[in-house]
>>> print(open('input-v6.cif').read())   # mmCIF, C-alpha atoms
data_coords
loop_
_atom_site.group_PDB
_atom_site.id
_atom_site.type_symbol
_atom_site.label_atom_id
_atom_site.label_comp_id
_atom_site.auth_asym_id
_atom_site.auth_seq_id
_atom_site.Cartn_x
_atom_site.Cartn_y
_atom_site.Cartn_z
ATOM 1 C CA MET A 1 0.000 0.000 0.000
ATOM 2 C CA SER A 2 1.398 3.414 -0.936
ATOM 3 C CA ASN A 3 2.049 6.048 1.708
ATOM 4 C CA ALA A 4 -0.775 8.178 0.319
ATOM 5 C CA VAL A 5 -3.270 5.314 0.593
ATOM 6 C CA THR A 6 -2.080 4.505 4.122
ATOM 7 C CA MET A 7 -2.545 8.139 5.089
ATOM 8 C CA TYR A 8 -6.018 8.108 3.553
ATOM 9 C CA GLU A 9 -6.897 5.046 5.648
ATOM 10 C CA TYR A 10 -5.682 6.979 8.692
ATOM 11 C CA HIS A 11 -8.031 9.824 7.692
ATOM 12 C CA VAL A 12 -10.976 7.404 7.465
ATOM 13 C CA TRP A 13 -10.075 5.910 10.854
ATOM 14 C CA ALA A 14 -9.716 9.337 12.510
ATOM 15 C CA ASN A 15 -13.033 10.583 11.101
ATOM 16 C CA GLN A 16 -14.741 7.421 12.358
ATOM 17 C CA ARG A 17 -13.256 7.873 15.840
ATOM 18 C CA MET A 18 -14.623 11.420 15.909
ATOM 19 C CA LEU A 19 -18.042 10.287 14.664
ATOM 20 C CA ASN A 20 -18.124 7.511 17.279
ATOM 21 C CA LEU A 21 -17.416 10.056 20.011
ATOM 22 C CA LEU A 22 -20.089 12.411 18.699
ATOM 23 C CA LYS A 23 -22.658 9.581 18.826
ATOM 24 C CA GLU A 24 -21.833 9.064 22.526
ATOM 25 C CA LEU A 25 -22.358 12.728 23.483
ATOM 26 C CA PRO A 26 -25.763 14.286 24.212
ATOM 27 C CA GLN A 27 -27.673 14.639 20.914
ATOM 28 C CA ASP A 28 -27.855 18.440 21.020
ATOM 29 C CA VAL A 29 -24.042 18.832 21.080
ATOM 30 C CA TYR A 30 -23.722 17.927 17.401
ATOM 31 C CA LYS A 31 -25.801 20.827 16.090
ATOM 32 C CA GLN A 32 -25.426 23.223 19.042
ATOM 33 C CA GLU A 33 -24.603 26.737 17.809
ATOM 34 C CA ILE A 34 -21.487 28.262 19.380
ATOM 35 C CA VAL A 35 -19.119 31.126 18.649
ATOM 36 C CA SER A 36 -16.051 29.321 17.367
ATOM 37 C CA ILE A 37 -14.183 28.364 14.203
ATOM 38 C CA PHE A 38 -17.430 26.886 12.803
ATOM 39 C CA PRO A 39 -20.919 27.710 14.084
ATOM 40 C CA SER A 40 -21.442 24.052 15.065
ATOM 41 C CA VAL A 41 -19.672 20.703 15.139
ATOM 42 C CA SER A 42 -22.114 19.444 12.505
ATOM 43 C CA LYS A 43 -21.044 22.187 10.103
ATOM 44 C CA ALA A 44 -17.370 21.393 10.709
ATOM 45 C CA MET A 45 -17.923 17.683 10.014
ATOM 46 C CA ALA A 46 -19.975 18.547 6.918
ATOM 47 C CA HIS A 47 -17.125 20.789 5.748
ATOM 48 C CA ILE A 48 -14.627 17.925 6.018
ATOM 49 C CA TYR A 49 -16.997 15.741 3.990
ATOM 50 C CA THR A 50 -17.586 18.412 1.336
ATOM 51 C CA VAL A 51 -13.903 19.068 0.813
ATOM 52 C CA ASP A 52 -13.105 15.336 0.701
ATOM 53 C CA SER A 53 -15.798 14.934 -1.948
ATOM 54 C CA SER A 54 -14.537 17.892 -3.960
ATOM 55 C CA TRP A 55 -10.939 16.660 -4.022
ATOM 56 C CA LEU A 56 -12.060 13.240 -5.248
ATOM 57 C CA GLU A 57 -13.902 14.958 -8.100
ATOM 58 C CA ILE A 58 -10.744 16.905 -8.955
ATOM 59 C CA ALA A 59 -8.475 13.853 -8.739
ATOM 60 C CA SER A 60 -10.927 12.011 -11.010
ATOM 61 C CA GLY A 61 -10.599 14.668 -13.717
ATOM 62 C CA THR A 62 -13.199 17.323 -12.924
ATOM 63 C CA GLU A 63 -11.866 20.871 -13.304
ATOM 64 C CA MET A 64 -11.435 22.556 -9.922
ATOM 65 C CA LYS A 65 -13.840 25.397 -10.810
ATOM 66 C CA GLU A 66 -16.519 22.847 -11.723
ATOM 67 C CA ALA A 67 -15.885 20.790 -8.568
ATOM 68 C CA MET A 68 -16.212 23.942 -6.488
ATOM 69 C CA LYS A 69 -19.612 24.691 -8.071
ATOM 70 C CA LEU A 70 -20.855 21.316 -6.831
ATOM 71 C CA THR A 71 -19.840 22.034 -3.236
ATOM 72 C CA GLU A 72 -22.896 24.122 -2.356
ATOM 73 C CA GLN A 73 -25.250 21.217 -3.032
ATOM 74 C CA VAL A 74 -22.943 18.716 -1.312
ATOM 75 C CA THR A 75 -22.617 21.022 1.723
ATOM 76 C CA GLU A 76 -26.386 21.422 2.034
ATOM 77 C CA GLU A 77 -26.877 17.654 1.876
ATOM 78 C CA ALA A 78 -24.124 16.978 4.440
ATOM 79 C CA GLU A 79 -25.352 19.672 6.839
ATOM 80 C CA ARG A 80 -28.910 18.246 6.814
ATOM 81 C CA GLN A 81 -27.701 14.874 8.062
ATOM 82 C CA SER A 82 -27.782 13.399 11.523
ATOM 83 C CA ILE A 83 -24.473 12.030 12.791
ATOM 84 C CA GLU A 84 -25.486 8.585 11.513
ATOM 85 C CA GLY A 85 -26.487 10.016 8.139
ATOM 86 C CA LEU A 86 -23.176 11.794 7.715
ATOM 87 C CA GLU A 87 -21.382 8.666 8.900
ATOM 88 C CA ALA A 88 -23.055 6.740 6.055
ATOM 89 C CA MET A 89 -22.061 9.453 3.581
ATOM 90 C CA PHE A 90 -18.431 9.282 4.780
ATOM 91 C CA ALA A 91 -18.485 5.471 4.455
ATOM 92 C CA ALA A 92 -19.777 5.662 0.879
ATOM 93 C CA LEU A 93 -17.212 8.332 -0.005
ATOM 94 C CA SER A 94 -14.369 6.252 1.432
ATOM 95 C CA GLU A 95 -15.459 3.373 -0.817
ATOM 96 C CA GLN A 96 -15.363 5.760 -3.779
ATOM 97 C CA TYR A 97 -11.817 6.773 -2.804
ATOM 98 C CA ARG A 98 -10.791 3.112 -2.516
ATOM 99 C CA ALA A 99 -12.246 2.403 -5.962
ATOM 100 C CA PHE A 100 -10.303 5.394 -7.301
ATOM 101 C CA PHE A 101 -7.098 4.029 -5.740
ATOM 102 C CA ARG A 102 -7.718 0.623 -7.363
ATOM 103 C CA GLN A 103 -8.341 2.237 -10.770
ATOM 104 C CA GLN A 104 -5.464 4.694 -10.515
ATOM 105 C CA ALA A 105 -2.411 2.502 -10.130
ATOM 106 C CA ASP A 106 -0.025 5.472 -10.272
ATOM 107 C CA LEU A 107 -0.737 8.013 -7.561
ATOM 108 C CA GLU A 108 2.472 9.796 -8.578
ATOM 109 C CA LYS A 109 0.747 10.759 -11.841
ATOM 110 C CA THR A 110 0.705 14.518 -12.341
ATOM 111 C CA ILE A 111 -2.386 16.524 -13.216
ATOM 112 C CA VAL A 112 -2.766 20.232 -13.894
ATOM 113 C CA LEU A 113 -4.599 21.894 -11.050
ATOM 114 C CA ASP A 114 -6.226 25.200 -12.003
ATOM 115 C CA ASN A 115 -7.006 26.754 -8.633
ATOM 116 C CA PRO A 116 -9.047 29.956 -9.107
ATOM 117 C CA TYR A 117 -7.554 31.364 -5.890
ATOM 118 C CA ALA A 118 -3.917 30.336 -6.236
ATOM 119 C CA GLY A 119 -3.265 29.693 -9.928
ATOM 120 C CA ILE A 120 -2.127 26.795 -12.052
ATOM 121 C CA ARG A 121 0.306 24.127 -10.936
ATOM 122 C CA GLU A 122 1.142 20.545 -11.685
ATOM 123 C CA THR A 123 0.104 18.365 -8.761
ATOM 124 C CA ARG A 124 0.629 14.672 -8.100
ATOM 125 C CA LEU A 125 -2.454 12.669 -7.173
ATOM 126 C CA SER A 126 -0.624 11.613 -4.000
ATOM 127 C CA GLU A 127 -0.353 15.310 -3.055
ATOM 128 C CA ILE A 128 -4.118 15.666 -3.401
ATOM 129 C CA VAL A 129 -4.582 12.691 -1.055
ATOM 130 C CA MET A 130 -2.196 14.301 1.439
ATOM 131 C CA GLN A 131 -4.181 17.560 1.175
ATOM 132 C CA VAL A 132 -7.369 15.650 2.033
ATOM 133 C CA VAL A 133 -5.697 14.043 5.048
ATOM 134 C CA ASN A 134 -4.091 17.270 6.269
ATOM 135 C CA HIS A 135 -7.329 19.225 5.857
ATOM 136 C CA GLY A 136 -9.246 16.640 7.876
ATOM 137 C CA THR A 137 -6.623 16.610 10.617
ATOM 138 C CA TYR A 138 -6.753 20.392 10.877
ATOM 139 C CA HIS A 139 -10.532 20.489 11.211
ATOM 140 C CA ARG A 140 -10.753 17.534 13.603
ATOM 141 C CA GLY A 141 -8.489 19.671 15.798
ATOM 142 C CA ASN A 142 -11.003 22.508 15.456
ATOM 143 C CA ILE A 143 -13.784 20.121 16.468
ATOM 144 C CA SER A 144 -11.794 18.992 19.503
ATOM 145 C CA ALA A 145 -11.428 22.613 20.586
ATOM 146 C CA MET A 146 -15.134 23.235 19.995
ATOM 147 C CA LEU A 147 -16.094 20.212 22.088
ATOM 148 C CA ARG A 148 -13.865 21.370 24.932
ATOM 149 C CA GLN A 149 -15.412 24.835 24.651
ATOM 150 C CA MET A 150 -18.806 23.150 25.223
ATOM 151 C CA GLY A 151 -17.470 21.224 28.213
ATOM 152 C CA HIS A 152 -16.836 17.834 26.574
ATOM 153 C CA ALA A 153 -13.649 15.852 26.125
ATOM 154 C CA SER A 154 -12.556 14.946 22.620
ATOM 155 C CA VAL A 155 -10.906 11.798 21.322
ATOM 156 C CA MET A 156 -7.320 11.194 20.247
ATOM 157 C CA THR A 157 -6.973 10.895 16.487
ATOM 158 C CA GLU A 158 -3.193 11.170 16.160
ATOM 159 C CA TYR A 159 -1.489 9.246 13.387
ATOM 160 C CA ALA A 160 0.791 7.469 15.896
ATOM 161 C CA LEU A 161 -2.312 5.989 17.554
ATOM 162 C CA PHE A 162 -3.495 4.735 14.139
ATOM 163 C CA TRP A 163 -0.311 2.628 13.899
ATOM 164 C CA TYR A 164 -1.657 0.421 16.704
ATOM 165 C CA GLN A 165 -5.320 0.293 15.699
ATOM 166 C CA ASP A 166 -5.135 -3.239 14.239
ATOM 167 C CA GLN A 167 -3.604 -4.531 17.472
ATOM 168 C CA ALA A 168 -6.430 -3.247 19.657
#
>>> encode(input="input-v6.cif", output="structure tokens")
Amino acid sequence: MSNAVTMYEYHVWANQRMLNLLKELPQDVYKQEIVSIFPSVSKAMAHIYTVDSSWLEIASGTEMKEAMKLTEQVTEEAERQSIEGLEAMFAALSEQYRAFFRQQADLEKTIVLDNPYAGIRETRLSEIVMQVVNHGTYHRGNISAMLRQMGHASVMTEYALFWYQDQA
């Protein structure tokens, strides 16, 4: 398994750990409005999903501008979901990523990324996967801070803990 695919599997694992924690907390915590990085944990989780979905579109050949147009609809759908609904959406998306990895034998393949905010650059597919993972890690940290702000503990989702997940 390539490093990029291993890191993606870490991302899936870390998102699931966060979702499992959220299911254990009082129901209102998920959608509770607060003054923080995001207005609610549900919107932060939906954002991770939306961006993951968008990057898969881009890696699969959709122009970035077109993929970004689709995000409004994807965001609305993700934000409407319960924790369990979003969990199912994440599970389906992870299967789409795995199918992409099976189809795309060479994750070191370069594509032209036309970012309307930053310009044009050649980008390896493995770099896109690492962007997905890094973005998710960043926002799971935001969610941890938000949960603590609401008086709840978070869950560890560090990569080093993922190393031992099969042994547990």
>>> resolve_selection(input="input-v6.cif", expression="the PyMOL selection byres ((chain A and resi 150) around 12)", output="PyMOL selection string")
chain A and resi 25-26+28-36+40-41+143-149+151-154
>>> residues_near_point(input="input-v6.cif", point="(-3.9, 14.3, -6.9)", cutoff="7 Å", atoms="all atoms listed in the file", output="count of residues only")
9
>>> residues_around(input="input-v6.cif", residues="range 46-48 of chain A", least_positions_apart="3", cutoff="7 Å", atoms="all atoms listed in the file", output="ChimeraX atom specification")
/A:42-43,51-52,75,78-79,136
>>> closest_residue(input="input-v6.cif", among="A:Gln73, A:Met45, A:Arg121, A:Asn3", to="Glu108 in chain A", atoms="all atoms listed in the file")
A:Asn3
>>> atom_distance(input="input-v6.cif", atom1="CA of Glu95 in chain A", atom2="CA of Trp55 in chain A")
14.4 Å
>>> closest_residue(input="input-v6.cif", among="A:Glu77, A:Tyr10, A:Phe90, A:Ser2", to="Gln165 in chain A", atoms="all atoms listed in the file")
A:Tyr10
